[in-house]
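Presented below is the structure to which this report refers.
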Amino acid sequence: MSEHHGKDWEKIWFMVMMLLVAIFVGISYYSIVTGSSATYRYGLPLGSGLPHPLPNGTVVIYMLAVQWAFIPQNATEIIYVNGHMENISVTAQVITYVNGYPYLKVMPGQPVVIVLYSNNVDHGFYIRLPHGAQNWNIVPGVNSYAFFYAPTTPGNYTFYCSEYCGVGHAYMYGYLWVM
Amino acid sequence: MVKLYPKTSLGLALLYTVGAIAWLAAMGIAALWFRTILLNPNTNPKVGYALAPLYYFLVTFHGQAGVMIIVQDVAFSLFAYSLYKSNMSTIHNKLLTILFWFINVPLIVTFAGGPITGWYMYPPLALQSGSWINPMFSKNPDLIGLAYFMMFVNAVAVTATAIVMFIDALKTRPKEGKIPIFAAYTMMFSGAFIFLTEPALAACELWYVLYFWAHVPVNPLTWAVLFWFWGHPIVYYAPFPLFGGLYALIPQFAGRPLYSERWARWNILILFTFGMTAWVHHLQTWPLPVYIRAFMTPTTLILAAGSGLTALNLGLTIATGKKYDYKNPVGFAALVALIGFILAGLQALINPINPLDVLVHNTYYIVGHFHLMIWTIIIVGYVAVLLDMLKSAMGNLMDLSGLSRGLIYGGLGMWTFAALGAGYAMSYAGYEGLIRRWVAYPVKFQPFMDAISYFSIMMGVSFIMYALPVIATLLRIKISAFWERVEAPSVPAGTSFTMNTSSSGGSNKK
């Protein structure tokens, strides 16, 4: 430190820096708690962040990740009858394949839960929606959960494997088909 | 008499430099090779599956050579040179030379097997048979175990080198006064930081060896957490010691002492502590408890603040100093490294914020960010230190020739321009949804891939430009073309204020 600067200034600027850090940390935590991002609004892996109870009309899709494909196993829709939750199988209506790639047919704005699991290696699940991204890693033996509302604009939205899983990694994808 | 090993700290620093440059050239060629593959989106799966093993081998080789060899070579080169500059020295030069070979050679065995695991080699993928070209390796579990054992040897050698150099530095530290700032940074970050974190990698690799040789099961989540305890700190092995190098060099060319040496020394504590706790941001989208993933925000932000403080300290040194001597190649490279570091750091501002990080996690955004950091602070910053190192090796009566200066100014300028272009193109593509490690990609990303590849070729050409005088000096080829005798010792604008260097100090060291 040269003679032109008092030692206090070094401390003051250092404290200003740490204050800026505290502000950024506060913003980050506030946005997690209040849910200002699509990924963090509800979805934290381990299922703890899923809304309780799940909204009426939520489609729950069980998605197996293998080398190298997403294989939706089955789908149910949650409806409430006199306050009791019912699981209605909608596998035939929701899951279809076109040219060998899975399509998940959902309605605009419909709440969606995708239960993600792998029976072999680490995979990822990434889908870029108009209101944010869903981005999860899938680790063998541990379920990951994606919860989001389907876009309100009809169309196809591609989901990809986002974690390198072998030579077929780039061809591991499917579509969310908003009807 | 053949010199079997360097007898001085400076010689040792140059030896590590040779290792780094050799591997850098090889991994750079690999990068240019796979960039040519990526010029085509490979939307036809038949084509993609045929190319994939080669592509993923090149990606794996590129990454592993970088993080397991080059970074360590650079870190130890800086360590040895900082000791030389600070009137300290390495003592166990023979042992360090042996360890140098154990760092640089074993992975050749691993690469001969054509691994396609990716450099992060997550299980269970990395435990499956898979090879680019060598079926013998991919089918034989004992040989795969041998490949991981060679990586284990490399990690043990890195740890041992850090310990030995740290002890040597302690033994030769000044009897009075503080350790000069350059050596203080390298002791902490090329020394203690490495020997505290590199064992995590050694443990990961040994776990794999035991899987193949003794059927020990591997837990995927535990392995990944252990791996990133090394995998994140590794990114600081080179840049943090380089902070020390820039703290030493920039004041010389700014003509004033470092703006705040106290900031620089406080920063060691911040960077050291939080550099080791920021690993969790690689597992941001993994099924880990929420509180662990939330922990990444403060740790990464404090670390970012420490880096920002470095840039501020150096920037204020330049701004409040006399006219900065950027006409000196060392001063020029140091300035370009600092500017590049700031521009590369801007990209990272969204990454510590959890809700924003998930938008770009596992995408090319991250690839763009860390490559830009490597291309600026590590490569250009290291060139600054290396030119200073070569000047020390050539003697104070020698100066870079006009040809060398032209190659260095032109090469570094073009390199930085192309690096910024490639880095920001990568990050923009990542923000748009381009996922990492794809041999095939949606056609809409082709313009990005083209731009990245062309910028990369530009970087390859510029690397040859500025590496030419360096390599020629190291190999003593046509040395008179690259160095010229000057009338008097060239004294930089102001003597070193931060280090007890002297022109004669280095010559009589061990």
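By order of appearance in the structure tokens: chains A, B, ..., then residues from 1 within every chain, and ligands from 1 in the order shown.
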>> When you look at Thr43 in chain B with a cut-off of 12 Å (counting only C-alpha atoms), what residues show up, excluding the ones that are within fewer than 5 positions of it in the same chain? I need them as a PyMOL selection string.
In response: (chain A and resi 170-171) or (chain B and resi 38+48-49+51+438-446)
Could you make a table, as CSV, of the residues of chain B that have an atom within 8 Å of an atom of chain A, each with its nearest atom pair and distance in Å to one decimal, counting only C-alpha atoms, in chain and number order?
residue,atom,partner,partner_atom,distance
B:Pro45,CA,A:Tyr171,CA,7.2
B:Tyr49,CA,A:Val167,CA,6.6
B:Ala52,CA,A:Val167,CA,5.3
B:Pro53,CA,A:Val167,CA,6.2
B:Tyr56,CA,A:Val167,CA,7.3
B:Ile116,CA,A:Gly166,CA,7.6
B:Thr117,CA,A:Gly166,CA,7.5
B:Gly118,CA,A:Tyr164,CA,7.7
B:Tyr122,CA,A:Asp122,CA,7.5
B:Pro123,CA,A:Val121,CA,7.0
B:Pro124,CA,A:Val121,CA,5.2
B:Leu125,CA,A:Val121,CA,5.4
B:Pro220,CA,A:Val139,CA,7.2
B:Leu221,CA,A:Val139,CA,7.1
B:Pro257,CA,A:Ser2,CA,7.0
B:Leu258,CA,A:Met1,CA,6.7
B:Tyr259,CA,A:Met1,CA,5.5
B:Ser260,CA,A:Met1,CA,4.3
B:Glu261,CA,A:Met1,CA,5.6
B:Arg262,CA,A:Met1,CA,7.0
B:Trp263,CA,A:Glu10,CA,7.1
B:Thr285,CA,A:Trp136,CA,4.9
B:Trp286,CA,A:Asn137,CA,5.0
B:Pro287,CA,A:Pro45,CA,5.0
B:Leu288,CA,A:Pro45,CA,7.3
B:Pro289,CA,A:Leu46,CA,7.7
B:Val290,CA,A:Leu44,CA,7.2
B:Ala294,CA,A:Tyr29,CA,7.7
B:Thr297,CA,A:Val25,CA,6.1
B:Pro298,CA,A:Val25,CA,5.7
B:Leu301,CA,A:Val21,CA,6.0
B:Ile302,CA,A:Val21,CA,6.3
B:Ala305,CA,A:Met17,CA,6.6
B:Ile353,CA,A:Ser28,CA,5.4
B:Asn354,CA,A:Ser28,CA,6.4
B:Pro355,CA,A:Ser37,CA,5.6
B:Leu356,CA,A:Ser37,CA,7.6
B:Val358,CA,A:Asn135,CA,6.1
B:Leu359,CA,A:Ala133,CA,5.4
B:His361,CA,A:Asn135,CA,7.3
B:Asn362,CA,A:Ser162,CA,6.1
B:Thr363,CA,A:Ser162,CA,7.6
B:Gly433,CA,A:Arg128,CA,6.9
B:Ile435,CA,A:Ser162,CA,6.0
B:Arg436,CA,A:Ser162,CA,7.1
B:Arg437,CA,A:Tyr164,CA,6.2
B:Trp438,CA,A:Ala170,CA,4.8
B:Val439,CA,A:Ala170,CA,6.0
B:Ala440,CA,A:Ala170,CA,5.4
B:Tyr441,CA,A:Ala170,CA,6.9
Near range 368-381 of chain B, within 7 Å and counting only C-alpha atoms, which residues show up once chain neighbours fewer than 4 positions away are dropped, as a tab-separated table (two decimals) with C-alpha atoms, in the first residue's frame?
chain	number	residue	atom	x	y	z
B	238	ALA	CA	-2.77	-22.31	-12.47
B	239	PRO	CA	-4.68	-19.00	-12.26
B	242	LEU	CA	-0.61	-16.49	-11.82
B	333	ALA	CA	1.21	-9.95	-22.11
B	334	ALA	CA	0.46	-9.17	-18.46
B	337	ALA	CA	-4.06	-11.28	-19.52
B	338	LEU	CA	-5.66	-8.88	-17.05
B	340	GLY	CA	-8.93	-10.90	-20.89
B	341	PHE	CA	-9.50	-12.13	-17.34
B	344	ALA	CA	-13.92	-13.72	-19.24
B	347	GLN	CA	-19.61	-14.22	-18.32
B	348	ALA	CA	-19.48	-16.00	-15.00
B	364	TYR	CA	-21.93	-24.63	-23.97
B	385	VAL	CA	5.64	-15.02	-16.74
B	416	THR	CA	-7.10	-12.85	-27.54
B	419	ALA	CA	-10.52	-16.39	-27.94
B	420	LEU	CA	-13.11	-13.77	-27.09
B	423	GLY	CA	-15.72	-18.01	-26.00
B	424	TYR	CA	-18.66	-15.68	-26.40
B	426	MET	CA	-19.88	-20.80	-27.21
B	427	SER	CA	-21.67	-19.12	-24.38
With range 172-183 of chain B as the partner and 10 Å as the cut-off, tabulate the residues of range 202-300 of chain B that qualify, each row holding the nearest pair of atoms and their distance in Å to one decimal, using only C-alpha atoms, sorted by chain and rising number, as a tab-separated table.
residue	atom	partner	partner_atom	distance
B:Pro241	CA	B:Phe182	CA	7.3
B:Leu242	CA	B:Phe182	CA	8.2
B:Phe243	CA	B:Phe182	CA	8.0
B:Gly244	CA	B:Phe182	CA	4.2
B:Gly245	CA	B:Phe182	CA	5.3
B:Leu246	CA	B:Phe182	CA	8.1
B:Tyr247	CA	B:Phe182	CA	6.8
B:Ala248	CA	B:Phe182	CA	5.9
B:Leu249	CA	B:Phe182	CA	9.1
B:Glu261	CA	B:Ile181	CA	8.0
B:Ala264	CA	B:Ile181	CA	7.8
B:Arg265	CA	B:Ile181	CA	7.6
B:Ile268	CA	B:Ile181	CA	9.9
> Tyr80 in chain A: which residues within 10 Å, counting only C-alpha atoms, same-chain residues fewer than 4 positions away excluded, as number ranges by chain?
Replying inline: A: 54-57, 84-87
For the residues selected in the previous step, produce a file with C-alpha atoms as a PDB file, in the first residue's frame.
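What landed in again_9.pdb:
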ATOM      1  CA  LEU A  54     -50.139 -31.801  -6.695  1.00  0.00           C
ATOM      2  CA  PRO A  55     -52.519 -29.588  -8.705  1.00  0.00           C
ATOM      3  CA  ASN A  56     -55.683 -31.087 -10.145  1.00  0.00           C
ATOM      4  CA  GLY A  57     -55.026 -32.445 -13.619  1.00  0.00           C
ATOM      5  CA  HIS A  84     -59.645 -37.750  -2.589  1.00  0.00           C
ATOM      6  CA  MET A  85     -56.739 -38.022  -4.987  1.00  0.00           C
ATOM      7  CA  GLU A  86     -57.276 -40.482  -7.815  1.00  0.00           C
ATOM      8  CA  ASN A  87     -54.608 -41.706 -10.204  1.00  0.00           C
TER       9      ASN A  87
END
>> At a cut-off of 9 Å, using only C-alpha atoms, what residues contact Phe240 in chain B? Leave out same-chain residues fewer than 4 positions from it and give the result as a list in words.
In response: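 So the residues in contact are Ala75, Tyr185, Thr186, Phe189, Ser190, Tyr236, Gly244, Gly245, Ile268, Leu271 and Ser307 of chain B.
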Same residues, C-alpha atoms, saved as an mmCIF file, in the first residue's frame:
data_model
loop_
_atom_site.group_PDB
_atom_site.id
_atom_site.type_symbol
_atom_site.label_atom_id
_atom_site.label_comp_id
_atom_site.auth_asym_id
_atom_site.auth_seq_id
_atom_site.Cartn_x
_atom_site.Cartn_y
_atom_site.Cartn_z
ATOM 1 C CA ALA B 75 1.478 -24.549 -11.592
ATOM 2 C CA TYR B 185 0.791 -17.218 -3.799
ATOM 3 C CA THR B 186 2.586 -20.165 -5.334
ATOM 4 C CA PHE B 189 -1.836 -22.464 -4.461
ATOM 5 C CA SER B 190 0.806 -24.512 -6.295
ATOM 6 C CA TYR B 236 -7.448 -22.691 -9.691
ATOM 7 C CA GLY B 244 0.843 -13.832 -7.708
ATOM 8 C CA GLY B 245 2.869 -13.562 -10.914
ATOM 9 C CA ILE B 268 -4.924 -15.585 -0.210
ATOM 10 C CA LEU B 271 -9.219 -17.823 -2.349
ATOM 11 C CA SER B 307 -11.041 -12.680 -8.094
#
> What separation in Å, quoted to one decimal, exists between CA of Arg485 in chain B and CA of Val461 in chain B?
Replying inline: 28.7 Å
>> When you look at range 94-106 of chain A with a cut-off of 9 Å (counting only C-alpha atoms), what residues show up, excluding the ones that are within fewer than 4 positions of it in the same chain? I need them as a ChimeraX atom specification.
In response: /A:59,61,69-76,90,110-112,150,156,172-179
Using only N, CA and C atoms, please write the residues we just selected to a file, as a CSV table (one decimal), in the first residue's frame.
chain,number,residue,atom,x,y,z
A,59,VAL,N,-50.3,-34.4,-14.9
A,59,VAL,CA,-49.9,-35.6,-15.5
A,59,VAL,C,-48.6,-36.0,-15.0
A,61,ILE,N,-45.5,-38.5,-15.4
A,61,ILE,CA,-44.9,-39.4,-16.4
A,61,ILE,C,-43.6,-40.1,-15.7
A,69,ALA,N,-31.6,-43.7,-24.9
A,69,ALA,CA,-33.0,-43.2,-25.2
A,69,ALA,C,-33.7,-42.9,-23.9
A,70,PHE,N,-34.7,-42.0,-24.0
A,70,PHE,CA,-35.7,-41.8,-23.0
A,70,PHE,C,-36.8,-42.8,-23.3
A,71,ILE,N,-37.2,-43.5,-22.3
A,71,ILE,CA,-38.3,-44.5,-22.5
A,71,ILE,C,-39.4,-44.2,-21.4
A,72,PRO,N,-40.4,-43.4,-21.8
A,72,PRO,CA,-41.5,-43.2,-20.9
A,72,PRO,C,-42.2,-44.5,-20.6
A,73,GLN,N,-42.3,-44.8,-19.3
A,73,GLN,CA,-42.9,-46.1,-19.0
A,73,GLN,C,-44.4,-46.1,-18.9
A,74,ASN,N,-44.9,-45.2,-18.1
A,74,ASN,CA,-46.4,-45.0,-18.1
A,74,ASN,C,-46.7,-43.6,-17.6
A,75,ALA,N,-48.0,-43.3,-17.7
A,75,ALA,CA,-48.4,-41.9,-17.3
A,75,ALA,C,-49.7,-42.0,-16.6
A,76,THR,N,-49.9,-41.2,-15.5
A,76,THR,CA,-51.1,-41.1,-14.8
A,76,THR,C,-51.5,-39.7,-14.7
A,90,VAL,N,-53.2,-42.8,-18.0
A,90,VAL,CA,-53.4,-42.1,-19.2
A,90,VAL,C,-52.3,-42.4,-20.2
A,110,GLN,N,-50.9,-27.4,-18.8
A,110,GLN,CA,-51.2,-28.6,-17.9
A,110,GLN,C,-50.0,-28.8,-17.0
A,111,PRO,N,-50.2,-29.0,-15.7
A,111,PRO,CA,-49.1,-29.3,-14.8
A,111,PRO,C,-48.5,-30.7,-15.1
A,112,VAL,N,-47.2,-30.7,-15.1
A,112,VAL,CA,-46.5,-32.0,-15.5
A,112,VAL,C,-45.5,-32.3,-14.4
A,150,ALA,N,-46.9,-27.0,-18.6
A,150,ALA,CA,-46.6,-27.1,-20.0
A,150,ALA,C,-46.8,-25.7,-20.6
A,156,ASN,N,-44.1,-28.5,-30.4
A,156,ASN,CA,-43.2,-29.5,-29.9
A,156,ASN,C,-42.0,-28.8,-29.2
A,172,MET,N,-30.0,-38.9,-27.8
A,172,MET,CA,-30.9,-39.3,-26.8
A,172,MET,C,-31.8,-38.0,-26.5
A,173,TYR,N,-33.0,-38.1,-27.1
A,173,TYR,CA,-33.9,-36.9,-27.0
A,173,TYR,C,-35.4,-37.4,-27.2
A,174,GLY,N,-36.3,-36.5,-26.9
A,174,GLY,CA,-37.7,-36.8,-27.2
A,174,GLY,C,-38.4,-35.4,-27.2
A,175,TYR,N,-39.7,-35.5,-27.2
A,175,TYR,CA,-40.5,-34.2,-27.4
A,175,TYR,C,-41.6,-34.1,-26.4
A,176,LEU,N,-41.8,-32.9,-25.9
A,176,LEU,CA,-43.1,-32.6,-25.2
A,176,LEU,C,-44.0,-32.0,-26.3
A,177,TRP,N,-45.1,-32.7,-26.5
A,177,TRP,CA,-46.0,-32.2,-27.6
A,177,TRP,C,-47.2,-31.5,-26.9
A,178,VAL,N,-47.2,-30.2,-27.0
A,178,VAL,CA,-48.3,-29.5,-26.4
A,178,VAL,C,-49.4,-29.4,-27.5
A,179,MET,N,-50.6,-30.1,-27.2
A,179,MET,CA,-51.6,-30.3,-28.2
A,179,MET,C,-52.4,-29.0,-28.5
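Among the candidates B:Val486, B:Ser89, B:Met188, B:Ala472, the residue lying nearest to Ala13 in chain B is B:Ser89 (atoms considered: only C-alpha atoms).
Take CA of Ile167 in chain B and CA of Phe76 in chain B: the distance between them is 13.5 Å.
Here CA of Ile318 in chain B is placed at a distance of 19.5 Å from CA of Gly413 in chain B.
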> range 6-247 of chain B: which residues are helix (DSSP H, G or I) by DSSP, as a PyMOL selection string?
Replying inline: chain B and resi 9-37+45-85+93-104+107-112+125-127+135-139+141-171+181-214+220-231+234-237+239-247
